[in-house]
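K.L.:
File follows, entry12.cif with mmCIF, N, CA and C atoms:
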data_entry
loop_
_atom_site.label_atom_id
_atom_site.label_comp_id
_atom_site.auth_asym_id
_atom_site.auth_seq_id
_atom_site.Cartn_x
_atom_site.Cartn_y
_atom_site.Cartn_z
N MET K 1 8.06 8.13 -20.20
CA MET K 1 7.72 8.15 -18.78
C MET K 1 6.20 8.12 -18.64
N PRO K 2 5.68 7.16 -17.88
CA PRO K 2 4.23 7.08 -17.71
C PRO K 2 3.69 8.27 -16.91
N ASP K 3 2.41 8.52 -17.10
CA ASP K 3 1.71 9.57 -16.35
C ASP K 3 1.57 9.10 -14.91
N MET K 4 2.20 9.82 -13.96
CA MET K 4 2.21 9.41 -12.56
C MET K 4 0.83 9.49 -11.92
N SER K 5 -0.10 10.21 -12.56
CA SER K 5 -1.44 10.34 -12.00
C SER K 5 -2.41 9.31 -12.61
N ALA K 6 -1.90 8.50 -13.55
CA ALA K 6 -2.75 7.48 -14.17
C ALA K 6 -3.11 6.42 -13.14
N GLY K 7 -4.34 5.94 -13.21
CA GLY K 7 -4.79 4.91 -12.28
C GLY K 7 -4.43 3.52 -12.77
N LEU K 8 -4.10 2.66 -11.83
CA LEU K 8 -3.76 1.28 -12.16
C LEU K 8 -4.36 0.38 -11.08
N ILE K 9 -5.09 -0.64 -11.50
CA ILE K 9 -5.68 -1.61 -10.58
C ILE K 9 -4.73 -2.79 -10.45
N ILE K 10 -4.46 -3.19 -9.22
CA ILE K 10 -3.68 -4.40 -8.96
C ILE K 10 -4.50 -5.27 -8.01
N ALA K 11 -4.96 -6.41 -8.52
CA ALA K 11 -5.79 -7.32 -7.72
C ALA K 11 -4.93 -8.10 -6.73
N MET K 12 -5.50 -8.33 -5.55
CA MET K 12 -4.79 -9.08 -4.50
C MET K 12 -5.82 -9.50 -3.45
N PRO K 13 -5.48 -10.52 -2.65
CA PRO K 13 -6.38 -10.85 -1.53
C PRO K 13 -6.41 -9.70 -0.51
N LEU K 14 -7.54 -9.53 0.15
CA LEU K 14 -7.66 -8.47 1.16
C LEU K 14 -6.54 -8.58 2.19
N ARG K 15 -6.15 -9.78 2.54
CA ARG K 15 -5.08 -9.99 3.52
C ARG K 15 -3.82 -9.21 3.11
N ARG K 16 -3.52 -9.19 1.82
CA ARG K 16 -2.34 -8.45 1.34
C ARG K 16 -2.58 -6.95 1.40
N TRP K 17 -3.79 -6.52 1.07
CA TRP K 17 -4.09 -5.09 1.20
C TRP K 17 -3.90 -4.65 2.65
N GLY K 18 -4.23 -5.52 3.59
CA GLY K 18 -4.04 -5.21 5.00
C GLY K 18 -2.59 -4.89 5.33
N LEU K 19 -1.64 -5.57 4.68
CA LEU K 19 -0.22 -5.25 4.87
C LEU K 19 0.08 -3.84 4.37
N ILE K 20 -0.50 -3.50 3.23
CA ILE K 20 -0.29 -2.15 2.68
C ILE K 20 -0.88 -1.11 3.63
N ASP K 21 -2.11 -1.35 4.08
CA ASP K 21 -2.78 -0.39 4.96
C ASP K 21 -1.97 -0.18 6.24
N ALA K 22 -1.50 -1.25 6.85
CA ALA K 22 -0.73 -1.13 8.09
C ALA K 22 0.60 -0.42 7.85
N SER K 23 1.26 -0.74 6.75
CA SER K 23 2.54 -0.10 6.44
C SER K 23 2.36 1.39 6.17
N MET K 24 1.27 1.74 5.48
CA MET K 24 1.01 3.16 5.21
C MET K 24 0.70 3.91 6.50
N ASP K 25 -0.02 3.26 7.40
CA ASP K 25 -0.32 3.87 8.70
C ASP K 25 0.98 4.17 9.45
N ASN K 26 1.88 3.17 9.49
CA ASN K 26 3.18 3.36 10.15
C ASN K 26 3.97 4.48 9.49
N ASP K 27 4.03 4.45 8.18
CA ASP K 27 4.84 5.42 7.45
C ASP K 27 4.30 6.85 7.62
N ALA K 28 2.99 6.99 7.53
CA ALA K 28 2.39 8.32 7.69
C ALA K 28 2.68 8.86 9.09
N GLY K 29 2.61 7.99 10.09
CA GLY K 29 2.89 8.43 11.45
C GLY K 29 4.32 8.90 11.63
N VAL K 30 5.26 8.12 11.14
CA VAL K 30 6.68 8.48 11.26
C VAL K 30 6.98 9.75 10.48
N GLU K 31 6.50 9.84 9.26
CA GLU K 31 6.81 10.99 8.41
C GLU K 31 6.11 12.27 8.90
N THR K 32 4.96 12.14 9.52
CA THR K 32 4.27 13.32 10.06
C THR K 32 5.09 13.92 11.19
N VAL K 33 5.68 13.07 12.02
CA VAL K 33 6.44 13.54 13.18
C VAL K 33 7.86 13.93 12.80
N ASN K 34 8.52 13.11 11.99
CA ASN K 34 9.96 13.28 11.77
C ASN K 34 10.39 13.59 10.36
N GLY K 35 9.47 13.89 9.47
CA GLY K 35 10.00 13.94 8.11
C GLY K 35 9.19 14.66 7.08
N ASN K 36 8.87 13.92 6.07
CA ASN K 36 8.36 14.42 4.82
C ASN K 36 6.83 14.47 4.85
N ARG K 37 6.29 15.65 4.97
CA ARG K 37 4.83 15.82 5.06
C ARG K 37 4.13 15.35 3.78
N ARG K 38 4.74 15.61 2.62
CA ARG K 38 4.12 15.16 1.35
C ARG K 38 4.03 13.65 1.30
N ARG K 39 5.10 12.97 1.77
CA ARG K 39 5.08 11.51 1.80
C ARG K 39 3.98 11.02 2.75
N ALA K 40 3.86 11.66 3.90
CA ALA K 40 2.82 11.29 4.87
C ALA K 40 1.44 11.46 4.26
N ASP K 41 1.23 12.57 3.55
CA ASP K 41 -0.07 12.82 2.92
C ASP K 41 -0.37 11.79 1.84
N LEU K 42 0.64 11.42 1.06
CA LEU K 42 0.44 10.41 0.02
C LEU K 42 0.13 9.05 0.65
N ALA K 43 0.81 8.71 1.74
CA ALA K 43 0.53 7.45 2.44
C ALA K 43 -0.92 7.44 2.95
N ARG K 44 -1.36 8.55 3.52
CA ARG K 44 -2.74 8.63 4.00
C ARG K 44 -3.74 8.52 2.83
N SER K 45 -3.39 9.07 1.67
CA SER K 45 -4.28 8.99 0.52
C SER K 45 -4.44 7.55 0.05
N ILE K 46 -3.40 6.75 0.21
CA ILE K 46 -3.46 5.33 -0.16
C ILE K 46 -4.41 4.60 0.79
N ARG K 47 -4.29 4.88 2.08
CA ARG K 47 -5.20 4.26 3.05
C ARG K 47 -6.64 4.65 2.75
N ARG K 48 -6.87 5.93 2.47
CA ARG K 48 -8.23 6.40 2.18
C ARG K 48 -8.79 5.72 0.93
N ALA K 49 -7.93 5.52 -0.08
CA ALA K 49 -8.38 4.84 -1.30
C ALA K 49 -8.88 3.44 -0.96
N GLY K 50 -8.17 2.74 -0.11
CA GLY K 50 -8.61 1.41 0.31
C GLY K 50 -9.92 1.45 1.06
N TRP K 51 -10.03 2.41 1.98
CA TRP K 51 -11.29 2.53 2.73
C TRP K 51 -12.45 2.80 1.79
N ASP K 52 -12.24 3.72 0.83
CA ASP K 52 -13.31 4.11 -0.09
C ASP K 52 -13.67 2.97 -1.05
N GLN K 53 -12.64 2.37 -1.66
CA GLN K 53 -12.87 1.40 -2.73
C GLN K 53 -13.18 0.00 -2.23
N ILE K 54 -12.58 -0.39 -1.10
CA ILE K 54 -12.72 -1.78 -0.64
C ILE K 54 -13.75 -1.89 0.47
N ALA K 55 -13.64 -1.03 1.47
CA ALA K 55 -14.56 -1.11 2.61
C ALA K 55 -15.82 -0.27 2.42
N HIS K 56 -15.78 0.65 1.45
CA HIS K 56 -16.93 1.51 1.15
C HIS K 56 -17.38 2.32 2.36
N TRP K 57 -16.40 2.85 3.09
CA TRP K 57 -16.72 3.70 4.23
C TRP K 57 -17.08 5.09 3.76
N THR K 58 -18.01 5.70 4.46
CA THR K 58 -18.43 7.07 4.18
C THR K 58 -17.89 7.95 5.30
N PRO K 59 -17.03 8.92 4.96
CA PRO K 59 -16.49 9.80 6.01
C PRO K 59 -17.61 10.45 6.81
N GLY K 60 -17.45 10.43 8.11
CA GLY K 60 -18.42 11.07 9.00
C GLY K 60 -19.66 10.25 9.28
N VAL K 61 -19.73 9.02 8.74
CA VAL K 61 -20.89 8.17 8.98
C VAL K 61 -20.44 6.95 9.79
N PRO K 62 -20.61 7.01 11.11
CA PRO K 62 -20.19 5.88 11.96
C PRO K 62 -20.89 4.59 11.53
N GLY K 63 -20.11 3.52 11.50
CA GLY K 63 -20.67 2.21 11.17
C GLY K 63 -20.84 1.94 9.69
N SER K 64 -20.51 2.91 8.85
CA SER K 64 -20.64 2.66 7.41
C SER K 64 -19.47 1.80 6.95
N GLY K 65 -19.69 0.98 5.97
CA GLY K 65 -18.63 0.18 5.37
C GLY K 65 -18.16 -0.96 6.24
N SER K 66 -17.50 -1.91 5.60
CA SER K 66 -16.88 -3.03 6.31
C SER K 66 -15.90 -3.70 5.36
N TRP K 67 -14.89 -4.34 5.94
CA TRP K 67 -13.91 -5.07 5.14
C TRP K 67 -14.49 -6.42 4.73
N PRO K 68 -14.25 -6.86 3.50
CA PRO K 68 -14.67 -8.20 3.10
C PRO K 68 -13.79 -9.25 3.80
N PRO K 69 -14.11 -10.55 3.64
CA PRO K 69 -13.28 -11.60 4.24
C PRO K 69 -11.83 -11.52 3.73
N PRO K 70 -10.86 -11.95 4.56
CA PRO K 70 -9.43 -11.79 4.24
C PRO K 70 -8.97 -12.43 2.93
N ASP K 71 -9.66 -13.49 2.49
CA ASP K 71 -9.22 -14.16 1.27
C ASP K 71 -9.93 -13.64 0.01
N ASP K 72 -10.88 -12.73 0.17
CA ASP K 72 -11.54 -12.13 -0.99
C ASP K 72 -10.52 -11.35 -1.82
N ILE K 73 -10.66 -11.42 -3.13
CA ILE K 73 -9.80 -10.65 -4.03
C ILE K 73 -10.36 -9.24 -4.12
N VAL K 74 -9.50 -8.27 -3.84
CA VAL K 74 -9.87 -6.86 -3.94
C VAL K 74 -9.07 -6.25 -5.08
N LYS K 75 -9.58 -5.16 -5.62
CA LYS K 75 -8.96 -4.56 -6.80
C LYS K 75 -8.79 -3.05 -6.59
N PRO K 76 -7.87 -2.69 -5.69
CA PRO K 76 -7.66 -1.25 -5.46
C PRO K 76 -7.05 -0.58 -6.69
N LYS K 77 -7.55 0.63 -6.96
CA LYS K 77 -7.02 1.44 -8.05
C LYS K 77 -6.28 2.62 -7.43
N LEU K 78 -4.97 2.66 -7.64
CA LEU K 78 -4.13 3.74 -7.15
C LEU K 78 -3.43 4.38 -8.33
N THR K 79 -2.91 5.58 -8.12
CA THR K 79 -2.10 6.21 -9.16
C THR K 79 -0.74 5.54 -9.20
N ILE K 80 -0.03 5.73 -10.29
CA ILE K 80 1.34 5.20 -10.39
C ILE K 80 2.18 5.75 -9.24
N ALA K 81 2.04 7.03 -8.93
CA ALA K 81 2.80 7.63 -7.81
C ALA K 81 2.48 6.92 -6.49
N GLN K 82 1.22 6.59 -6.28
CA GLN K 82 0.85 5.88 -5.05
C GLN K 82 1.44 4.47 -5.02
N TRP K 83 1.41 3.77 -6.15
CA TRP K 83 1.99 2.42 -6.19
C TRP K 83 3.50 2.48 -5.96
N LEU K 84 4.17 3.49 -6.52
CA LEU K 84 5.62 3.60 -6.31
C LEU K 84 5.94 3.85 -4.84
N LEU K 85 5.15 4.69 -4.18
CA LEU K 85 5.36 4.87 -2.74
C LEU K 85 5.10 3.55 -2.01
N THR K 86 4.09 2.81 -2.43
CA THR K 86 3.75 1.55 -1.79
C THR K 86 4.94 0.59 -1.80
N ILE K 87 5.64 0.46 -2.92
CA ILE K 87 6.77 -0.47 -2.95
C ILE K 87 7.91 0.03 -2.06
N ASP K 88 8.10 1.33 -1.98
CA ASP K 88 9.13 1.89 -1.10
C ASP K 88 8.77 1.65 0.36
N VAL K 89 7.53 1.91 0.71
CA VAL K 89 7.07 1.74 2.10
C VAL K 89 7.13 0.27 2.51
N LEU K 90 6.71 -0.63 1.62
CA LEU K 90 6.77 -2.06 1.95
C LEU K 90 8.20 -2.49 2.25
N GLU K 91 9.16 -2.01 1.49
CA GLU K 91 10.56 -2.38 1.76
C GLU K 91 11.04 -1.78 3.08
N ARG K 92 10.67 -0.52 3.33
CA ARG K 92 11.06 0.13 4.59
C ARG K 92 10.59 -0.67 5.79
N TRP K 93 9.32 -1.09 5.77
CA TRP K 93 8.76 -1.78 6.93
C TRP K 93 9.13 -3.26 6.95
N ALA K 94 9.47 -3.83 5.80
CA ALA K 94 10.01 -5.20 5.79
C ALA K 94 11.37 -5.21 6.48
N ALA K 95 12.19 -4.21 6.20
CA ALA K 95 13.50 -4.11 6.86
C ALA K 95 13.32 -3.93 8.37
N ALA K 96 12.35 -3.13 8.77
CA ALA K 96 12.08 -2.95 10.20
C ALA K 96 11.60 -4.26 10.83
N ALA K 97 10.76 -5.00 10.11
CA ALA K 97 10.29 -6.29 10.61
C ALA K 97 11.46 -7.26 10.78
N ASP K 98 12.37 -7.28 9.82
CA ASP K 98 13.56 -8.13 9.94
C ASP K 98 14.38 -7.77 11.18
N ARG K 99 14.56 -6.46 11.40
CA ARG K 99 15.37 -6.01 12.55
C ARG K 99 14.75 -6.41 13.88
N THR K 100 13.44 -6.57 13.90
CA THR K 100 12.76 -6.92 15.15
C THR K 100 12.38 -8.40 15.21
N GLY K 101 12.94 -9.20 14.31
CA GLY K 101 12.74 -10.64 14.35
C GLY K 101 11.42 -11.13 13.78
N ARG K 102 10.67 -10.26 13.11
CA ARG K 102 9.39 -10.66 12.50
C ARG K 102 9.63 -11.02 11.03
N HIS K 103 10.37 -12.11 10.83
CA HIS K 103 10.83 -12.47 9.48
C HIS K 103 9.69 -12.91 8.57
N ASP K 104 8.64 -13.52 9.13
CA ASP K 104 7.49 -13.92 8.30
C ASP K 104 6.80 -12.69 7.72
N THR K 105 6.62 -11.68 8.55
CA THR K 105 5.99 -10.43 8.08
C THR K 105 6.86 -9.78 7.01
N ALA K 106 8.17 -9.74 7.26
CA ALA K 106 9.09 -9.16 6.28
C ALA K 106 8.99 -9.89 4.94
N ALA K 107 8.94 -11.20 4.98
CA ALA K 107 8.85 -11.99 3.75
C ALA K 107 7.54 -11.71 3.01
N GLN K 108 6.43 -11.59 3.75
CA GLN K 108 5.14 -11.29 3.13
C GLN K 108 5.16 -9.91 2.48
N GLU K 109 5.76 -8.93 3.16
CA GLU K 109 5.82 -7.58 2.60
C GLU K 109 6.69 -7.55 1.35
N ARG K 110 7.78 -8.28 1.35
CA ARG K 110 8.65 -8.31 0.16
C ARG K 110 8.00 -9.06 -1.00
N GLU K 111 7.27 -10.11 -0.69
CA GLU K 111 6.57 -10.84 -1.75
C GLU K 111 5.51 -9.95 -2.40
N LEU K 112 4.78 -9.21 -1.58
CA LEU K 112 3.78 -8.27 -2.10
C LEU K 112 4.45 -7.17 -2.92
N ARG K 113 5.57 -6.68 -2.43
CA ARG K 113 6.33 -5.66 -3.15
C ARG K 113 6.71 -6.15 -4.55
N GLU K 114 7.17 -7.39 -4.63
CA GLU K 114 7.56 -7.96 -5.93
C GLU K 114 6.36 -8.10 -6.87
N LEU K 115 5.21 -8.46 -6.33
CA LEU K 115 3.99 -8.54 -7.14
C LEU K 115 3.67 -7.17 -7.73
N ILE K 116 3.74 -6.13 -6.91
CA ILE K 116 3.41 -4.78 -7.37
C ILE K 116 4.43 -4.31 -8.42
N ILE K 117 5.71 -4.56 -8.18
CA ILE K 117 6.74 -4.19 -9.15
C ILE K 117 6.48 -4.88 -10.49
N SER K 118 6.14 -6.16 -10.43
CA SER K 118 5.86 -6.91 -11.65
C SER K 118 4.69 -6.30 -12.43
N ARG K 119 3.63 -5.95 -11.72
CA ARG K 119 2.47 -5.34 -12.38
C ARG K 119 2.81 -3.97 -12.96
N LEU K 120 3.58 -3.19 -12.23
CA LEU K 120 3.99 -1.88 -12.74
C LEU K 120 4.83 -2.04 -14.01
N GLN K 121 5.75 -3.01 -14.01
CA GLN K 121 6.60 -3.23 -15.19
C GLN K 121 5.79 -3.67 -16.39
N GLU K 122 4.72 -4.44 -16.15
CA GLU K 122 3.83 -4.84 -17.24
C GLU K 122 3.18 -3.63 -17.90
N HIS K 123 3.08 -2.53 -17.15
CA HIS K 123 2.48 -1.29 -17.68
C HIS K 123 3.54 -0.25 -18.05
N GLY K 124 4.78 -0.70 -18.21
CA GLY K 124 5.84 0.19 -18.68
C GLY K 124 6.45 1.09 -17.62
N VAL K 125 6.17 0.80 -16.34
CA VAL K 125 6.74 1.60 -15.25
C VAL K 125 7.95 0.85 -14.72
N HIS K 126 9.09 1.52 -14.74
CA HIS K 126 10.31 0.91 -14.23
C HIS K 126 10.42 1.20 -12.75
N ALA K 127 10.28 0.16 -11.95
CA ALA K 127 10.33 0.28 -10.49
C ALA K 127 11.31 -0.76 -9.95
N HIS K 128 11.94 -0.40 -8.84
CA HIS K 128 12.91 -1.33 -8.25
C HIS K 128 12.51 -1.60 -6.82
#
Could you take the file, read its structure, and then write that structure out as structure tokens?
P.N.:
Amino acid sequence: MPDMSAGLIIAMPLRRWGLIDASMDNDAGVETVNGNRRRADLARSIRRAGWDQIAHWTPGVPGSGSWPPPDDIVKPKLTIAQWLLTIDVLERWAAAADRTGRHDTAAQERELRELIISRLQEHGVHAH
């Protein structure tokens, strides 16, 4: 069993990270109100990692940091536990997108999910 706190970088275009960020925002909101506080906190930690590593925002400093162009390749480093939550959250919100007729968004989220699963498997992490 891999160390769940080990860091793993998965490169992707910023546009794809945006899907992760939006899904984590949705998930944290739902779980804060109706569910699992630990899951909400982990989702927020994933968003913060993106802000810190990709946008280089400084907490409490208005106007600090900025997102690179959407097609730039970014290399977020998350823990295995964070990546596993990411694949779960992407599937949850892809299903919601399908239910509301946003099939293109659902397809993009599932494609990203498969990329992450593939990278995790390359590092000996069994994810579905």
K.L.:
Can you give me, as a VMD selection string, the residues this file yields under the PyMOL selection byres ((chain K and resi 8) around 5)?
P.N.:
chain K and resid 6 to 7 9 to 10 77 to 79
K.L.:
Between K:Arg37, K:Val30, K:Ile80, K:Pro68, which one has atoms that come closest to K:Met4, using only N, CA and C atoms?
P.N.:
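When distances to K:Met4 are compared using only N, CA and C atoms, the smallest one comes from K:Ile80.
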K.L.:
Identify all residues of chain K in strand (DSSP E or B) (DSSP on the backbone) and supply them as JSON, numbers by chain.
P.N.:
{"K": [7, 8, 9, 12, 13, 73, 74, 77, 78, 79]}
K.L.:
Pull the closest atom pair for each residue of stretch 40-95 of chain K that gets at most 6 Å from stretch 19-24 of chain K, along with the distance in Å to one decimal, counting all atoms listed in the file, ordering rows by chain and then ascending residue number, as CSV.
P.N.:
residue,atom,partner,partner_atom,distance
K:Ala43,CA,K:Met24,CA,5.1
K:Arg44,N,K:Met24,C,5.9
K:Arg47,CA,K:Asp21,CA,5.6
K.L.:
Using all atoms listed in the file, which of K:Ser64, K:Thr32, K:Arg102, K:Trp83 sits nearest K:Ile116?
P.N.:
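With all atoms listed in the file as the atom set, the closest residue is K:Trp83.
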K.L.:
Taking 4 positions as the minimum chain separation for residues in the same chain, which residues sit within 8 Å of K:Trp17 when counting only C-alpha atoms? Answer as a PyMOL selection string.
P.N.:
chain K and resi 12-13+21+50+74
